[in-house]
$ cat upload-v9.cif   # mmCIF, C-alpha atoms
data_target
#
loop_
_atom_site.label_atom_id
_atom_site.label_comp_id
_atom_site.auth_asym_id
_atom_site.auth_seq_id
_atom_site.Cartn_x
_atom_site.Cartn_y
_atom_site.Cartn_z
CA MET A 983 16.82 2.14 43.11
CA ASN A 984 17.93 5.58 42.84
CA ASP A 985 16.21 6.76 39.75
CA GLN A 986 14.06 4.35 37.87
CA GLN A 987 12.71 0.96 36.99
CA ALA A 988 11.66 -2.26 38.63
CA GLY A 989 8.73 -4.39 39.43
CA ILE A 990 5.34 -2.96 39.98
CA ALA A 991 5.52 -1.93 43.58
CA ARG A 992 4.35 1.29 45.12
CA PRO A 993 7.28 3.44 46.28
CA GLU A 994 7.37 4.18 49.96
CA HIS A 995 6.76 7.79 50.88
CA GLY A 996 10.02 9.66 50.94
CA HIS A 997 12.01 6.77 49.47
CA ARG A 998 13.83 8.74 46.88
CA PRO A 999 15.02 6.80 43.85
CA GLY A 1000 17.67 9.14 42.61
CA GLY A 1001 20.58 10.52 44.52
CA GLN A 1002 21.99 13.86 43.62
CA THR A 1003 23.12 14.61 40.14
CA MET A 1004 26.35 13.32 38.66
CA SER A 1005 27.28 11.89 35.31
CA ALA A 1006 29.46 9.70 33.16
CA GLY A 1007 29.37 7.71 29.94
CA PRO A 1008 30.90 4.98 27.76
CA ASP A 1009 34.32 4.48 26.30
CA ALA A 1010 36.11 7.14 24.30
CA SER A 1011 34.83 5.77 21.02
CA GLY A 1012 31.28 5.85 22.33
CA ALA A 1013 30.76 2.19 21.42
CA ARG A 1014 28.97 -0.12 23.81
CA PRO A 1015 31.13 -2.98 25.14
CA PRO A 1016 30.26 -6.46 23.79
CA ASP A 1017 28.61 -7.50 27.03
CA GLY A 1018 26.55 -4.31 27.09
CA ARG A 1019 27.70 -3.29 30.57
CA THR A 1020 28.56 0.37 30.85
CA ASP A 1021 30.21 -0.19 34.24
CA ARG A 1022 33.10 -1.82 32.42
CA LEU A 1023 33.85 1.20 30.29
CA PRO A 1024 37.02 3.22 30.85
CA ARG A 1025 36.58 5.81 33.56
CA THR A 1026 38.59 8.82 34.58
CA ASP A 1027 38.88 10.03 38.15
CA ARG A 1028 39.23 13.79 38.36
CA THR A 1029 40.26 15.47 41.60
CA LEU A 1030 39.24 19.09 41.91
CA HIS A 1031 41.29 21.23 44.32
CA THR A 1032 39.36 24.45 44.75
CA ASP A 1033 42.13 26.05 46.76
CA ARG A 1034 44.35 25.85 43.67
CA LEU A 1035 41.87 27.41 41.27
CA PRO A 1036 41.68 31.11 40.42
CA ARG A 1037 38.56 32.74 41.79
CA THR A 1038 36.05 33.54 39.06
CA ASP A 1039 32.35 34.18 39.48
CA ARG A 1040 31.00 34.74 42.96
CA LEU A 1041 28.45 32.07 43.74
CA PRO A 1042 25.16 32.51 45.57
CA ARG A 1043 24.76 30.74 48.87
CA ALA A 1044 22.61 27.66 48.56
CA GLY A 1045 19.90 26.65 50.94
CA ARG A 1046 18.80 23.23 52.05
CA LEU A 1047 16.25 20.90 50.56
CA ARG A 1048 13.53 20.17 53.08
CA GLY A 1049 16.03 19.73 55.89
CA ARG A 1050 18.21 17.32 53.91
CA PRO A 1051 21.84 18.15 53.02
CA MET A 1052 22.15 19.62 49.55
CA VAL A 1053 24.19 17.82 46.94
CA ALA A 1054 27.81 18.89 47.14
CA ALA A 1055 28.00 19.46 43.41
CA LEU A 1056 25.27 19.29 40.82
CA VAL A 1057 27.44 17.82 38.13
CA GLY A 1058 24.59 17.78 35.67
CA LEU A 1059 23.95 21.50 36.02
CA ALA A 1060 23.38 22.94 32.57
CA VAL A 1061 20.32 23.53 30.50
CA ALA A 1062 18.82 22.47 27.20
CA ILE A 1063 19.65 23.03 23.61
CA SER A 1064 17.86 26.13 22.46
CA GLY A 1065 17.82 27.16 25.97
CA CYS A 1066 20.16 26.13 28.68
CA ALA A 1067 21.60 26.96 32.00
CA ALA A 1068 23.99 29.16 33.77
CA SER A 1069 27.60 29.95 33.11
CA SER A 1070 30.44 27.93 31.65
CA SER A 1071 29.70 25.37 28.99
CA ALA A 1072 29.16 21.81 27.99
CA THR A 1073 29.89 19.75 24.98
CA SER A 1074 30.66 16.16 24.37
CA PRO A 1075 33.81 14.92 22.71
CA SER A 1076 33.79 14.62 18.96
CA ALA A 1077 35.70 12.61 16.43
CA ALA A 1078 37.87 15.65 15.87
CA VAL A 1079 38.03 16.84 19.47
CA PRO A 1080 39.56 14.45 22.01
CA ALA A 1081 37.37 13.69 25.00
CA ALA A 1082 39.05 15.45 27.89
CA ALA A 1083 36.53 13.95 30.23
CA GLY A 1084 37.83 15.54 33.34
CA GLN A 1085 38.99 19.01 32.68
CA THR A 1086 38.76 21.30 35.62
CA ALA A 1087 37.17 24.58 34.80
CA THR A 1088 38.78 27.12 32.65
CA ARG A 1089 39.63 30.72 33.30
CA PRO A 1090 37.30 33.21 31.70
CA ALA A 1091 38.72 34.69 28.51
CA ALA A 1092 38.98 38.39 27.83
CA GLU A 1093 35.78 40.15 26.84
CA GLN A 1094 34.79 39.64 23.22
CA SER A 1095 34.63 42.52 20.81
CA ALA A 1096 31.17 43.92 20.29
CA THR A 1097 28.74 41.87 18.24
CA PRO A 1098 25.87 43.17 16.06
CA SER A 1099 22.59 44.00 17.76
CA ALA A 1100 20.17 41.13 18.38
CA GLU A 1101 17.49 42.78 16.28
CA GLN A 1102 19.46 42.07 13.12
CA PRO A 1103 18.83 38.69 11.45
CA ALA A 1104 21.34 35.95 12.20
CA PRO A 1105 23.99 35.83 9.49
CA GLN A 1106 23.70 32.92 7.09
CA THR A 1107 26.76 30.87 6.23
CA PRO A 1108 27.14 30.33 2.46
CA ALA A 1109 26.47 26.78 1.31
CA GLY A 1110 29.53 24.58 1.62
CA GLN A 1111 31.31 27.01 3.92
CA VAL A 1112 31.98 26.01 7.52
CA PRO A 1113 31.02 28.79 9.98
CA ASP A 1114 33.54 30.03 12.52
CA LEU A 1115 33.17 27.92 15.65
CA PRO A 1116 33.38 29.43 19.15
CA ALA A 1117 36.45 28.48 21.15
CA PRO A 1118 35.65 26.42 24.28
CA ASP A 1119 36.55 29.28 26.63
CA VAL A 1120 35.74 32.36 24.61
CA ALA A 1121 34.28 35.12 26.77
CA ILE A 1122 30.50 35.28 27.09
CA PRO A 1123 29.10 38.78 26.35
CA THR A 1124 27.60 40.60 29.32
CA ASP A 1125 25.53 43.17 27.43
CA PRO A 1126 21.91 42.02 26.81
CA SER A 1127 21.94 42.99 23.12
CA ARG A 1128 25.18 41.13 22.50
CA LEU A 1129 23.99 38.18 24.54
CA ALA A 1130 20.78 37.97 22.53
CA ARG A 1131 22.72 38.18 19.30
CA SER A 1132 25.16 35.50 20.36
CA LEU A 1133 22.43 33.15 21.60
CA THR A 1134 20.36 33.61 18.43
CA THR A 1135 23.29 32.93 16.13
CA THR A 1136 24.64 30.03 18.20
CA THR A 1137 21.25 28.32 18.43
CA ALA A 1138 20.64 28.62 14.68
CA GLN A 1139 24.09 27.24 13.88
CA LEU A 1140 23.70 24.45 16.43
CA ARG A 1141 20.42 23.32 14.93
CA ARG A 1142 21.98 23.20 11.48
CA ALA A 1143 24.95 21.28 12.86
CA VAL A 1144 22.63 18.77 14.53
CA ASP A 1145 20.69 18.34 11.27
CA ASP A 1146 23.96 17.65 9.45
CA TRP A 1147 25.03 15.15 12.13
CA VAL A 1148 21.75 13.25 12.00
CA ARG A 1149 21.59 13.32 8.20
CA ASP A 1150 25.21 12.66 7.26
CA GLY A 1151 26.78 11.24 10.41
CA ASP A 1152 25.71 8.43 12.70
CA PRO A 1153 24.41 9.43 16.16
CA GLY A 1154 24.22 5.71 16.90
CA LYS A 1155 28.01 5.44 16.87
CA GLY A 1156 30.65 7.55 18.48
CA GLN A 1157 30.29 11.08 19.81
CA PRO A 1158 29.03 14.33 18.22
CA PRO A 1159 31.14 16.06 15.57
CA GLU A 1160 33.21 19.10 16.47
CA PRO A 1161 30.67 21.75 15.31
CA VAL A 1162 27.95 20.26 17.52
CA VAL A 1163 30.32 19.97 20.48
CA LEU A 1164 31.61 23.53 20.33
CA LEU A 1165 28.29 25.19 19.54
CA ALA A 1166 26.45 23.24 22.25
CA LEU A 1167 29.11 24.19 24.77
CA HIS A 1168 28.86 27.85 23.85
CA GLN A 1169 25.07 27.75 24.10
CA GLN A 1170 25.30 26.05 27.48
CA ARG A 1171 27.71 28.67 28.77
CA ILE A 1172 25.40 31.48 27.66
CA TYR A 1173 22.46 29.91 29.48
CA ARG A 1174 24.49 29.31 32.61
CA TYR A 1175 25.48 32.98 32.62
CA LEU A 1176 21.85 34.07 32.22
CA ALA A 1177 20.74 31.74 35.01
CA ARG A 1178 23.22 33.43 37.35
CA ASN A 1179 22.19 36.93 36.31
CA PRO A 1180 18.37 37.32 36.43
CA LYS A 1181 18.29 41.04 35.62
CA VAL A 1182 20.48 40.61 32.56
CA ALA A 1183 18.38 37.62 31.52
CA SER A 1184 15.15 39.63 31.63
CA ARG A 1185 16.64 42.32 29.42
CA THR A 1186 18.03 39.69 27.06
CA TYR A 1187 14.66 37.97 26.55
CA ALA A 1188 13.20 41.19 25.18
CA ARG A 1189 15.87 41.28 22.48
CA LEU A 1190 15.45 37.68 21.34
CA PRO A 1191 13.30 36.58 18.37
CA LYS A 1192 9.86 35.53 19.58
CA ALA A 1193 10.48 31.89 18.67
CA LEU A 1194 13.56 31.76 20.90
CA ALA A 1195 12.42 33.91 23.83
CA GLY A 1196 10.07 31.25 25.25
CA PRO A 1197 12.58 28.37 25.10
CA ALA A 1198 15.25 30.65 26.54
CA LYS A 1199 13.06 31.50 29.54
CA ASP A 1200 12.30 27.81 30.10
CA ASN A 1201 15.94 26.79 29.97
CA VAL A 1202 17.20 29.61 32.14
CA THR A 1203 14.47 28.92 34.70
CA ALA A 1204 15.38 25.22 34.74
CA GLY A 1205 19.04 26.04 35.23
CA ARG A 1206 18.27 28.48 38.02
CA ASN A 1207 16.08 25.91 39.77
CA LEU A 1208 18.80 23.27 39.66
CA ARG A 1209 21.43 25.72 40.82
CA SER A 1210 19.30 26.51 43.86
CA LEU A 1211 19.78 22.90 45.00
CA VAL A 1212 23.56 23.08 44.92
CA ARG A 1213 25.95 23.76 47.75
CA PRO A 1214 29.31 24.88 46.27
CA ILE A 1215 32.19 22.57 47.12
CA SER A 1216 35.48 23.67 48.63
CA GLY A 1217 38.73 21.84 49.13
CA ALA A 1218 39.40 18.67 47.14
CA ALA A 1219 36.67 16.52 45.59
CA LYS A 1220 36.98 13.51 43.29
CA PHE A 1221 34.56 12.81 40.45
CA ARG A 1222 34.42 9.84 38.12
CA VAL A 1223 33.42 10.78 34.60
CA GLN A 1224 33.38 9.09 31.22
CA PRO A 1225 31.85 9.67 27.76
CA PRO A 1226 28.14 8.87 27.37
CA GLU A 1227 26.77 6.10 25.21
CA PRO A 1228 25.98 7.26 21.66
CA ALA A 1229 22.94 9.53 21.43
CA ASP A 1230 20.81 7.18 19.34
CA VAL A 1231 21.73 4.17 21.50
CA LEU A 1232 20.34 6.08 24.48
CA LEU A 1233 17.32 7.10 22.41
CA GLY A 1234 16.61 3.42 21.80
CA HIS A 1235 16.81 2.73 25.55
CA PHE A 1236 14.44 5.62 26.30
CA ARG A 1237 11.85 4.44 23.79
CA ARG A 1238 12.08 0.84 24.95
CA ALA A 1239 11.37 1.96 28.53
CA GLU A 1240 8.46 4.11 27.30
CA ARG A 1241 6.89 1.14 25.52
CA LYS A 1242 7.21 -1.06 28.60
CA PHE A 1243 6.00 1.35 31.28
CA GLY A 1244 4.17 4.16 29.45
CA VAL A 1245 6.49 6.89 30.72
CA GLU A 1246 7.29 9.38 27.95
CA TRP A 1247 10.81 9.01 26.66
CA GLU A 1248 11.33 12.76 26.76
CA VAL A 1249 10.73 12.77 30.52
CA LEU A 1250 13.17 9.91 31.02
CA ALA A 1251 15.74 11.74 28.91
CA ALA A 1252 15.27 14.93 30.95
CA VAL A 1253 15.75 13.01 34.21
CA MET A 1254 18.97 11.41 32.96
CA PHE A 1255 20.16 14.77 31.65
CA VAL A 1256 19.66 16.41 35.04
CA GLU A 1257 20.95 13.50 37.12
CA THR A 1258 24.16 12.51 35.32
CA LYS A 1259 24.37 14.43 32.03
CA PHE A 1260 23.34 11.30 30.15
CA GLY A 1261 25.65 9.04 32.12
CA ARG A 1262 28.82 11.10 32.02
CA VAL A 1263 29.09 11.13 35.82
CA ARG A 1264 29.69 7.76 37.45
CA SER A 1265 30.51 8.87 40.97
CA PRO A 1266 27.99 7.96 43.65
CA SER A 1267 26.17 10.88 45.25
CA HIS A 1268 26.94 11.98 48.80
CA THR A 1269 23.84 10.04 49.90
CA GLY A 1270 25.01 6.83 48.21
CA ALA A 1271 22.91 6.97 45.03
CA LYS A 1272 24.55 5.07 42.18
CA GLY A 1273 24.51 4.59 38.45
CA PRO A 1274 23.44 6.68 35.44
CA MET A 1275 20.00 7.28 36.97
CA GLN A 1276 21.26 7.73 40.56
CA PHE A 1277 19.38 5.04 42.49
CA MET A 1278 19.67 4.36 46.18
CA PRO A 1279 20.48 0.66 46.72
CA GLY A 1280 17.24 0.05 48.64
CA THR A 1281 15.10 1.59 45.90
CA TRP A 1282 17.00 -0.37 43.28
CA ALA A 1283 16.29 -3.60 45.14
CA ALA A 1284 12.56 -2.84 44.93
CA TYR A 1285 12.39 -1.52 41.34
CA GLY A 1286 15.56 -2.66 39.56
CA MET A 1287 14.00 -5.93 38.41
CA GLY A 1288 17.20 -7.84 39.02
CA GLY A 1289 19.25 -5.64 36.69
CA ASP A 1290 22.63 -3.97 37.12
CA ILE A 1291 22.42 -0.55 38.77
CA GLN A 1292 25.39 0.65 36.69
CA ASP A 1293 23.99 -0.53 33.35
CA THR A 1294 22.31 2.22 31.34
CA ARG A 1295 19.60 0.04 29.80
CA ASP A 1296 18.71 -1.54 33.15
CA ALA A 1297 18.75 1.81 34.94
CA LEU A 1298 16.40 3.44 32.44
CA LEU A 1299 13.91 0.60 32.70
CA ALA A 1300 14.08 0.87 36.45
CA ALA A 1301 13.52 4.61 36.33
CA ALA A 1302 10.46 4.18 34.13
CA ASN A 1303 9.22 1.44 36.44
CA TYR A 1304 9.62 3.65 39.51
CA LEU A 1305 8.01 6.68 37.88
CA HIS A 1306 5.09 4.57 36.67
CA ALA A 1307 4.58 3.16 40.15
CA SER A 1308 4.71 6.72 41.51
CA GLY A 1309 1.97 8.08 39.25
CA ALA A 1310 3.34 8.59 35.72
CA PRO A 1311 2.11 9.16 33.10
CA ARG A 1312 -1.12 10.29 34.77
CA ASP A 1313 0.65 12.64 37.17
CA TYR A 1314 4.24 13.43 36.24
CA ARG A 1315 4.64 16.01 38.98
CA ARG A 1316 3.77 13.49 41.65
CA ALA A 1317 6.03 10.85 40.10
CA LEU A 1318 9.01 13.16 39.73
CA TYR A 1319 8.59 14.48 43.25
CA ALA A 1320 8.84 10.90 44.48
CA TYR A 1321 12.06 10.61 42.49
CA ASN A 1322 13.52 13.73 44.08
CA HIS A 1323 11.67 15.60 46.83
CA SER A 1324 12.08 19.07 45.36
CA GLN A 1325 9.59 21.15 43.41
CA ALA A 1326 12.52 23.00 41.82
CA TYR A 1327 13.80 19.65 40.51
CA VAL A 1328 10.35 18.66 39.23
CA ASP A 1329 9.92 21.97 37.40
CA ALA A 1330 13.39 21.76 35.84
CA VAL A 1331 12.86 18.22 34.53
CA LEU A 1332 9.48 19.10 33.02
CA LEU A 1333 10.85 22.25 31.38
CA HIS A 1334 13.66 20.26 29.76
CA ALA A 1335 11.24 17.53 28.68
CA ARG A 1336 9.01 20.15 27.08
CA GLN A 1337 11.92 21.48 25.04
CA ILE A 1338 12.76 17.99 23.79
CA LYS A 1339 9.11 17.39 22.84
CA GLN A 1340 8.96 20.66 20.91
CA ASP A 1341 12.06 19.88 18.85
CA ILE A 1342 14.03 16.63 18.97
CA ARG A 1343 17.13 18.60 18.04
CA ASN A 1344 17.03 19.85 21.61
CA TYR A 1345 17.66 16.29 22.77
CA TYR A 1346 20.83 16.12 20.68
CA ALA A 1347 21.88 19.54 21.97
CA TYR A 1348 21.32 18.60 25.62
CA TYR A 1349 23.19 15.38 24.96
CA SER A 1350 26.17 17.47 23.89
CA TRP A 1351 26.28 19.63 27.01
CA GLN A 1352 29.16 19.14 29.41
CA VAL A 1353 29.55 18.45 33.12
CA PHE A 1354 30.11 21.40 35.42
CA VAL A 1355 30.82 21.58 39.14
CA VAL A 1356 29.92 24.57 41.27
CA THR A 1357 32.76 25.45 43.65
CA THR A 1358 33.38 28.28 46.10
CA ARG A 1359 35.76 29.73 43.48
CA GLY A 1360 33.43 29.53 40.51
CA ASP A 1361 32.03 26.98 38.06
CA ARG A 1362 34.45 24.35 36.79
CA ARG A 1363 33.98 22.16 33.74
CA LEU A 1364 34.92 18.49 34.08
CA THR A 1365 34.24 17.27 30.54
CA GLY A 1366 34.40 18.50 26.98
CA PRO A 1367 37.05 20.21 24.81
#
$ encode --input "upload-v9.cif" --output "structure tokens"
Amino acid sequence: MNDQQAGIARPEHGHRPGGQTMSAGPDASGARPPDGRTDRLPRTDRTLHTDRLPRTDRLPRAGRLRGRPMVAALVGLAVAISGCAASSSATSPSAAVPAAAGQTATRPAAEQSATPSAEQPAPQTPAGQVPDLPAPDVAIPTDPSRLARSLTTTTAQLRRAVDDWVRDGDPGKGQPPEPVVLLALHQQRIYRYLARNPKVASRTYARLPKALAGPAKDNVTAGRNLRSLVRPISGAAKFRVQPPEPADVLLGHFRRAERKFGVEWEVLAAVMFVETKFGRVRSPSHTGAKGPMQFMPGTWAAYGMGGDIQDTRDALLAAANYLHASGAPRDYRRALYAYNHSQAYVDAVLLHARQIKQDIRNYYAYYSWQVFVVTTRGDRRLTGP
């Protein structure tokens, strides 16, 4: 099974559970169908024609992973809440923002006007007043001081928005509210930009508050690691995407799998985040891996415990089963390497898991990141506003 769970059998050497990353999710309302099968949720096929897209950022050439073909598109490429990945953005649909689950990337907007220096404290929004929310495609600053200022302010606002959502909303039903969606997307886009520009990133870290500099380095490093595994696509490519199950429904699945197999729920969440952006991508990988945890059929047969490879609950149990059989929780590095034979992948998953452990709001932020595809003409967003 390509990414977790199943009976207690030792994985064969080199029998990778997960395929390459892709993602999807549940129906537009975010509610789980009566029979509990996510494979029956509405899906949207999106065809990306790179020859029809305006050229944006130049992309680095990708190498190969231990002699195996690289994934054509790392759909789950983004990075955590208070620290994320490269360029572009990611947010999940909200009650106020329709889920355009298959948007092809957007053209970069004109450069923003200068923002205050990062050394100044983040402005506080008066009680009862809604802060200005960043537009989905607003330009990302390129100056380190402005980048640091934007990331500091966005992260602070996002954390407050997540607190409001958890306190006054219901993460167990539907999708995140508009403030969470737009702020998470903006944060994701900042991190993606920093992951693509190491020199700018280094100068930006020095201008961040101490409490944010560490998480930022972790998230940018994770994003850069994942990007190194991607081979940009060209021509036409079809991806199947859909909204994810509600955040707290997934949280229940993660914790149930942790209780059964002893694999920390934060690690399971980080794997699902990297593989399919919490189930947003439903397309099989180029190697044939399927489902929200990207299992190869043969691995699923050994560890899927008779479940449905497309069902989120079954897939998470299988992933925990596979990771446990591969060495977790005693040796997460060994277990994750069995899941995907790449040290860059292992490091990225553990960095994301660490962020979730440090602050559960990072889980809700990651959950709200969108799906991006790396093409020869730049990054393209498939989901979100």
$ resolve_selection --input "upload-v9.cif" --expression "the PyMOL selection byres ((chain A and resi 1296-1300) around 7)" --output "short mmCIF file (atom, residue, chain, number, x, y, z; two decimals) with C-alpha atoms, keeping the file's coordinate frame"
data_model
loop_
_atom_site.label_atom_id
_atom_site.label_comp_id
_atom_site.auth_asym_id
_atom_site.auth_seq_id
_atom_site.Cartn_x
_atom_site.Cartn_y
_atom_site.Cartn_z
CA GLN A 986 14.06 4.35 37.87
CA GLN A 987 12.71 0.96 36.99
CA ALA A 988 11.66 -2.26 38.63
CA HIS A 1235 16.81 2.73 25.55
CA PHE A 1236 14.44 5.62 26.30
CA ALA A 1239 11.37 1.96 28.53
CA PRO A 1274 23.44 6.68 35.44
CA MET A 1275 20.00 7.28 36.97
CA TYR A 1285 12.39 -1.52 41.34
CA GLY A 1286 15.56 -2.66 39.56
CA GLY A 1289 19.25 -5.64 36.69
CA ASP A 1290 22.63 -3.97 37.12
CA ILE A 1291 22.42 -0.55 38.77
CA GLN A 1292 25.39 0.65 36.69
CA ASP A 1293 23.99 -0.53 33.35
CA THR A 1294 22.31 2.22 31.34
CA ARG A 1295 19.60 0.04 29.80
CA ALA A 1301 13.52 4.61 36.33
CA ALA A 1302 10.46 4.18 34.13
CA ASN A 1303 9.22 1.44 36.44
CA TYR A 1304 9.62 3.65 39.51
#
$ closest_residue --input "upload-v9.cif" --among "A:Val1328, A:Val1223, A:Val1231, A:Ala1166" --to "A:Lys1259" --atoms "all atoms listed in the file"
A:Val1223
$ closest_residue --input "upload-v9.cif" --among "A:Pro1159, A:Leu1165, A:Ala1188, A:Ala1117" --to "A:Leu1129" --atoms "all atoms listed in the file"
A:Ala1188
$ atom_distance --input "upload-v9.cif" --atom1 "atom CA of A:Leu1211" --atom2 "atom CA of A:Leu1190"
28.2 Å
$ atom_distance --input "upload-v9.cif" --atom1 "atom CA of A:Phe1221" --atom2 "atom CA of A:Ser1265"
5.7 Å
$ residues_near_point --input "upload-v9.cif" --point "(22.5, 8.7, 22.6)" --cutoff "10 Å" --atoms "all atoms listed in the file" --output "list in words"
Gly1012, Pro1153, Gly1154, Lys1155, Gly1156, Gln1157, Pro1158, Pro1226, Glu1227, Pro1228, Ala1229, Asp1230, Val1231, Leu1232, Leu1233, Gly1234, His1235, Phe1236, Ala1251, Phe1260, Tyr1345, Tyr1346, Tyr1349 and Ser1350 of chain A
